[in-house]
Amino acid sequence: MKHRGRHRRRRRGRALRATLAGTALALTAAATMISASQATDADDPGALKPLTASTATAPLRLTEHPVPGDALDRLSKGMGKPVGVASLLADPDGSLGGAEDCTDDDRRALPVEPAATHAYCWPGADTDGWRSGAVTTSGDADDDGRWGENRVVLSGWSRSTGTPAEDGLARVAFVDAADPDDLRYTWALLAVPVDGGRDYRGLGSTVSGMVWYQDKLLVTAGPADDSALYVYDVDRFQRVTADGTKVGRVPGGWSAAGAAKYVLPAVASYRTNGAGAPRPGGISLDRSTAPDSLVAYEAMPADENGPTRLWRYHFSGEPQRAGLLDTDPVGVYETELTGVRGVLSYGAGWYLGRMTGTPEERGTLWRQDTDGARPTRCGADETHRCWSGPAAAMSYWQETGEVWSQSGRMLFALPLVSVDRSLGQ
């Protein structure tokens, strides 16, 4: 049985590589059809500009607001003993399809260059009406790439349609990535305790940024929220006990409006310094700094043509503040790139995914530092439009050297060295 299983995985691996290679060729052929005017749609943004004046850095200072412990205890008493990640993974909701099983429409969301080396698609029946967003992994949570014995990818999704109770909901799929040929996932609804822990509400924000660090999950909040970031404890999942169309306490138990079997209540939040202060639009983890840091790009209105700010916060080194942030920003920069929808920082470079039009059009991926900027290029005319259309969030799994991202219904990974090669590094 072991030999047959191993041979089956080898055949599936060959089929996957062939599928991805074929997809990359087709996408590259499509890229060659892009006009020369499109190939130069984004001018060279040049070097990052450091911002050091207090007028630029002070608005980015955070204030931390913990959820009172008695509120969390009251919620646990009402819903039952919290569980951790391992319990979620043992109770899956479904499986991802391999690249060879994905539709052509889904695979069009994959980047042209660099090409994905792993790709999976989400089942339509479980994601219709939801919009994909940020990605993080157990490679962020712990430097050995595992959480306990588990290798995990987290995929954020936001609801933009449905009933009033469903509109604005946010949930995260915890994906068991131990077997690359069999990725299974479990949903957890992101919630915020209210009424002293007697109830909870949905997050109500698009999950555009997400970082799992130690036992904390940090998630961006939308412009309608007073908070810039919410903090979740991955040892505090609560089991939903009742079906219902509402979120929170309902007759007979606790409901997640049918979005998940588990609820994850926030344990803290962060606010930036004053009304109108810049807010993180996307975040990722940088393990190349000492201490490790969370990097962010500025959330900008779609019609805003001004420069975009980039900055980072160090994670606290205090044992009692594991997974929480130091609240002063460090390394604040300005980039001339607009339409930024993904950020990654490693070493001296910032990798920025840029949306160039509608989600159906290809985006661009740039590496920028204080010396200059380079885009990935593809096709006969070396267009910049090689990245995924929505220019999705990115997460670097340092232990494997892979960048994970998500676009549409495609979850994919590729080596960071292949990004640098495509930049001519």
# chains A, B, ... in the order shown; residues from 1 in each chain; ligands from 1
>>> residues_around(residues="segment 108-118 of chain A", least_positions_apart="4", cutoff="7 Å", atoms="only C-alpha atoms", output="number ranges by chain")
A: 20, 24, 27-28, 104, 376-378, 386-389, 407-408, 410, 412-414, 418-419, 422
>>> residues_around(residues="Gly401 of chain A", least_positions_apart="6", cutoff="8 Å", atoms="only C-alpha atoms", output="MDAnalysis selection string")
chainID A and resid 415:417
>>> write_last_selection(atoms="all heavy atoms", output="PDB file, in the first residue's frame")
ATOM      1  N   PRO A 415       8.868  29.871  -5.422  1.00  0.00           N
ATOM      2  CA  PRO A 415      10.080  30.220  -4.673  1.00  0.00           C
ATOM      3  C   PRO A 415      10.402  31.706  -4.767  1.00  0.00           C
ATOM      4  O   PRO A 415      10.256  32.319  -5.832  1.00  0.00           O
ATOM      5  CB  PRO A 415      11.176  29.384  -5.356  1.00  0.00           C
ATOM      6  CG  PRO A 415      10.441  28.318  -6.118  1.00  0.00           C
ATOM      7  CD  PRO A 415       9.147  28.937  -6.529  1.00  0.00           C
ATOM      8  N   LEU A 416      10.861  32.287  -3.664  1.00  0.00           N
ATOM      9  CA  LEU A 416      11.268  33.694  -3.700  1.00  0.00           C
ATOM     10  C   LEU A 416      12.437  33.896  -4.665  1.00  0.00           C
ATOM     11  O   LEU A 416      12.530  34.943  -5.319  1.00  0.00           O
ATOM     12  CB  LEU A 416      11.655  34.164  -2.293  1.00  0.00           C
ATOM     13  CG  LEU A 416      12.053  35.638  -2.164  1.00  0.00           C
ATOM     14  CD1 LEU A 416      10.925  36.563  -2.579  1.00  0.00           C
ATOM     15  CD2 LEU A 416      12.507  35.960  -0.748  1.00  0.00           C
ATOM     16  N   VAL A 417      13.317  32.899  -4.797  1.00  0.00           N
ATOM     17  CA  VAL A 417      14.446  33.046  -5.729  1.00  0.00           C
ATOM     18  C   VAL A 417      13.964  33.172  -7.155  1.00  0.00           C
ATOM     19  O   VAL A 417      14.608  33.826  -7.975  1.00  0.00           O
ATOM     20  CB  VAL A 417      15.433  31.874  -5.590  1.00  0.00           C
ATOM     21  CG1 VAL A 417      16.118  31.867  -4.236  1.00  0.00           C
ATOM     22  CG2 VAL A 417      14.763  30.532  -5.848  1.00  0.00           C
TER      23      VAL A 417
END
>>> closest_atom_pairs(of="segment 187-273 of chain A", to="segment 323-331 of chain A", cutoff="9 Å", atoms="only C-alpha atoms", output="CSV")
residue,atom,partner,partner_atom,distance
A:Trp212,CA,A:Gly323,CA,8.3
A:Tyr213,CA,A:Gly323,CA,5.4
A:Gln214,CA,A:Gly323,CA,5.4
A:Asp215,CA,A:Gly323,CA,6.2
A:Lys216,CA,A:Gly323,CA,5.2
A:Leu217,CA,A:Gly323,CA,8.0
A:Leu218,CA,A:Leu324,CA,8.7
A:Val231,CA,A:Leu324,CA,8.2
A:Tyr270,CA,A:Thr327,CA,8.7
>>> write_last_selection(atoms="N, CA, C and O atoms", output="PDB file, in the first residue's frame")
ATOM      1  N   TRP A 212       0.156  35.519  11.081  1.00  0.00           N
ATOM      2  CA  TRP A 212       0.125  34.600  12.218  1.00  0.00           C
ATOM      3  C   TRP A 212       1.527  34.585  12.816  1.00  0.00           C
ATOM      4  O   TRP A 212       2.480  34.140  12.175  1.00  0.00           O
ATOM      5  N   TYR A 213       1.662  35.069  14.056  1.00  0.00           N
ATOM      6  CA  TYR A 213       2.968  35.116  14.708  1.00  0.00           C
ATOM      7  C   TYR A 213       2.836  34.577  16.121  1.00  0.00           C
ATOM      8  O   TYR A 213       2.073  35.112  16.931  1.00  0.00           O
ATOM      9  N   GLN A 214       3.592  33.499  16.414  1.00  0.00           N
ATOM     10  CA  GLN A 214       3.466  32.781  17.669  1.00  0.00           C
ATOM     11  C   GLN A 214       1.999  32.385  17.849  1.00  0.00           C
ATOM     12  O   GLN A 214       1.423  31.828  16.922  1.00  0.00           O
ATOM     13  N   ASP A 215       1.395  32.665  18.995  1.00  0.00           N
ATOM     14  CA  ASP A 215       0.013  32.213  19.175  1.00  0.00           C
ATOM     15  C   ASP A 215      -1.009  33.282  18.812  1.00  0.00           C
ATOM     16  O   ASP A 215      -2.189  33.143  19.132  1.00  0.00           O
ATOM     17  N   LYS A 216      -0.589  34.332  18.111  1.00  0.00           N
ATOM     18  CA  LYS A 216      -1.495  35.425  17.752  1.00  0.00           C
ATOM     19  C   LYS A 216      -1.676  35.526  16.242  1.00  0.00           C
ATOM     20  O   LYS A 216      -0.735  35.322  15.465  1.00  0.00           O
ATOM     21  N   LEU A 217      -2.890  35.859  15.850  1.00  0.00           N
ATOM     22  CA  LEU A 217      -3.231  36.143  14.460  1.00  0.00           C
ATOM     23  C   LEU A 217      -3.649  37.601  14.388  1.00  0.00           C
ATOM     24  O   LEU A 217      -4.607  38.013  15.048  1.00  0.00           O
ATOM     25  N   LEU A 218      -2.924  38.402  13.603  1.00  0.00           N
ATOM     26  CA  LEU A 218      -3.224  39.824  13.434  1.00  0.00           C
ATOM     27  C   LEU A 218      -3.878  40.032  12.081  1.00  0.00           C
ATOM     28  O   LEU A 218      -3.384  39.537  11.058  1.00  0.00           O
ATOM     29  N   VAL A 231      -6.465  41.459  16.947  1.00  0.00           N
ATOM     30  CA  VAL A 231      -5.584  40.387  17.380  1.00  0.00           C
ATOM     31  C   VAL A 231      -6.425  39.218  17.866  1.00  0.00           C
ATOM     32  O   VAL A 231      -7.365  39.409  18.656  1.00  0.00           O
ATOM     33  N   TYR A 270      -5.666  47.257  17.810  1.00  0.00           N
ATOM     34  CA  TYR A 270      -4.741  48.388  17.736  1.00  0.00           C
ATOM     35  C   TYR A 270      -5.397  49.505  16.936  1.00  0.00           C
ATOM     36  O   TYR A 270      -6.070  49.254  15.927  1.00  0.00           O
TER      37      TYR A 270
END
>>> closest_residue(among="A:Arg321, A:Arg354, A:Arg201, A:Arg236", to="Leu72 of chain A", atoms="only C-alpha atoms")
A:Arg236
>>> residues_around(residues="Arg249 of chain A", least_positions_apart="6", cutoff="9 Å", atoms="only C-alpha atoms", output="ChimeraX atom specification")
/A:198-200,242,255
>>> closest_atom_pairs(of="segment 143-262 of chain A", to="segment 79-86 of chain A", cutoff="10 Å", atoms="only C-alpha atoms", output="Markdown table")
| residue | atom | partner | partner_atom | distance |
| --- | --- | --- | --- | --- |
| A:Trp147 | CA | A:Val85 | CA | 8.2 |
| A:Gly148 | CA | A:Ala86 | CA | 8.2 |
| A:Glu149 | CA | A:Ala86 | CA | 8.6 |
| A:Asn150 | CA | A:Ala86 | CA | 7.5 |
| A:Val152 | CA | A:Val85 | CA | 9.1 |
| A:Phe174 | CA | A:Val85 | CA | 7.9 |
| A:Asp176 | CA | A:Ala86 | CA | 9.4 |
| A:Thr186 | CA | A:Val85 | CA | 9.8 |
| A:Arg198 | CA | A:Met79 | CA | 9.9 |
| A:Asp199 | CA | A:Met79 | CA | 9.9 |
| A:Asp215 | CA | A:Gly84 | CA | 9.8 |
| A:Asp233 | CA | A:Gly84 | CA | 9.1 |
| A:Val234 | CA | A:Gly84 | CA | 6.0 |
| A:Asp235 | CA | A:Gly84 | CA | 4.2 |
| A:Arg236 | CA | A:Pro82 | CA | 4.8 |
| A:Phe237 | CA | A:Val83 | CA | 5.1 |
| A:Gln238 | CA | A:Pro82 | CA | 5.1 |
| A:Arg239 | CA | A:Met79 | CA | 7.0 |
| A:Val240 | CA | A:Met79 | CA | 7.6 |
| A:Thr241 | CA | A:Met79 | CA | 7.6 |
| A:Arg249 | CA | A:Met79 | CA | 9.4 |
| A:Gly253 | CA | A:Met79 | CA | 7.8 |
| A:Trp254 | CA | A:Met79 | CA | 7.1 |
| A:Tyr262 | CA | A:Val83 | CA | 9.6 |
>>> atom_distance(atom1="atom CA of Leu352 of chain A", atom2="atom CA of Tyr297 of chain A")
8.9 Å
>>> select_by_dssp(residues="segment 83-323 of chain A", states="strand (DSSP E or B)", output="number ranges by chain")
A: 83, 94-95, 97-98, 118-121, 130-137, 147, 150, 152-159, 170-176, 184-194, 199-202, 210-213, 216-220, 229-233, 237-239, 247-250, 253-256, 262-271, 280-286, 293-298, 308-315
>>> residues_around(residues="Ala259 of chain A", least_positions_apart="3", cutoff="8 Å", atoms="only C-alpha atoms", output="VMD selection string")
chain A and resid 171 187 to 189 256
>>> atom_distance(atom1="atom CA of Val207 of chain A", atom2="atom CA of Gly133 of chain A")
5.5 Å
>>> closest_residue(among="A:Leu154, A:Ala260, A:Leu48, A:Val175", to="Trp366 of chain A", atoms="only C-alpha atoms")
A:Leu48
>>> atom_distance(atom1="atom CA of Leu423 of chain A", atom2="atom CA of Ser208 of chain A")
25.3 Å
>>> closest_residue(among="A:Leu203, A:Thr308, A:Glu318, A:Asp195", to="Leu264 of chain A", atoms="only C-alpha atoms")
A:Leu203
>>> residues_around(residues="Met394 of chain A", least_positions_apart="5", cutoff="10 Å", atoms="only C-alpha atoms", output="PyMOL selection string")
chain A and resi 133-136+209-210+282-285+341-345+351-353+403-406+413
>>> write_last_selection(atoms="C-alpha atoms", output="PDB file, in the first residue's frame")
ATOM      1  CA  GLY A 133      -7.936  37.957   0.645  1.00  0.00           C
ATOM      2  CA  ALA A 134      -4.855  37.610   2.800  1.00  0.00           C
ATOM      3  CA  VAL A 135      -2.639  34.558   3.340  1.00  0.00           C
ATOM      4  CA  THR A 136      -0.313  33.576   6.178  1.00  0.00           C
ATOM      5  CA  GLY A 209      -3.901  41.614   5.488  1.00  0.00           C
ATOM      6  CA  MET A 210      -3.140  38.832   7.950  1.00  0.00           C
ATOM      7  CA  GLY A 282      -2.038  44.798   3.832  1.00  0.00           C
ATOM      8  CA  ILE A 283       0.551  43.245   6.141  1.00  0.00           C
ATOM      9  CA  SER A 284       3.131  40.458   6.176  1.00  0.00           C
ATOM     10  CA  LEU A 285       5.909  39.107   8.405  1.00  0.00           C
ATOM     11  CA  ARG A 341      -2.384  45.304  -3.071  1.00  0.00           C
ATOM     12  CA  GLY A 342       0.387  43.118  -1.651  1.00  0.00           C
ATOM     13  CA  VAL A 343       3.536  43.658   0.392  1.00  0.00           C
ATOM     14  CA  LEU A 344       6.521  41.522   1.350  1.00  0.00           C
ATOM     15  CA  SER A 345       9.817  42.602   2.861  1.00  0.00           C
ATOM     16  CA  TYR A 351       8.183  43.325  -2.925  1.00  0.00           C
ATOM     17  CA  LEU A 352       5.020  45.158  -3.926  1.00  0.00           C
ATOM     18  CA  GLY A 353       2.111  43.749  -5.910  1.00  0.00           C
ATOM     19  CA  VAL A 403       6.049  32.792  -1.246  1.00  0.00           C
ATOM     20  CA  TRP A 404       2.380  31.902  -0.758  1.00  0.00           C
ATOM     21  CA  SER A 405      -0.348  33.988  -2.309  1.00  0.00           C
ATOM     22  CA  GLN A 406      -3.987  33.813  -3.314  1.00  0.00           C
ATOM     23  CA  ALA A 413       3.164  29.132  -4.018  1.00  0.00           C
TER      24      ALA A 413
END
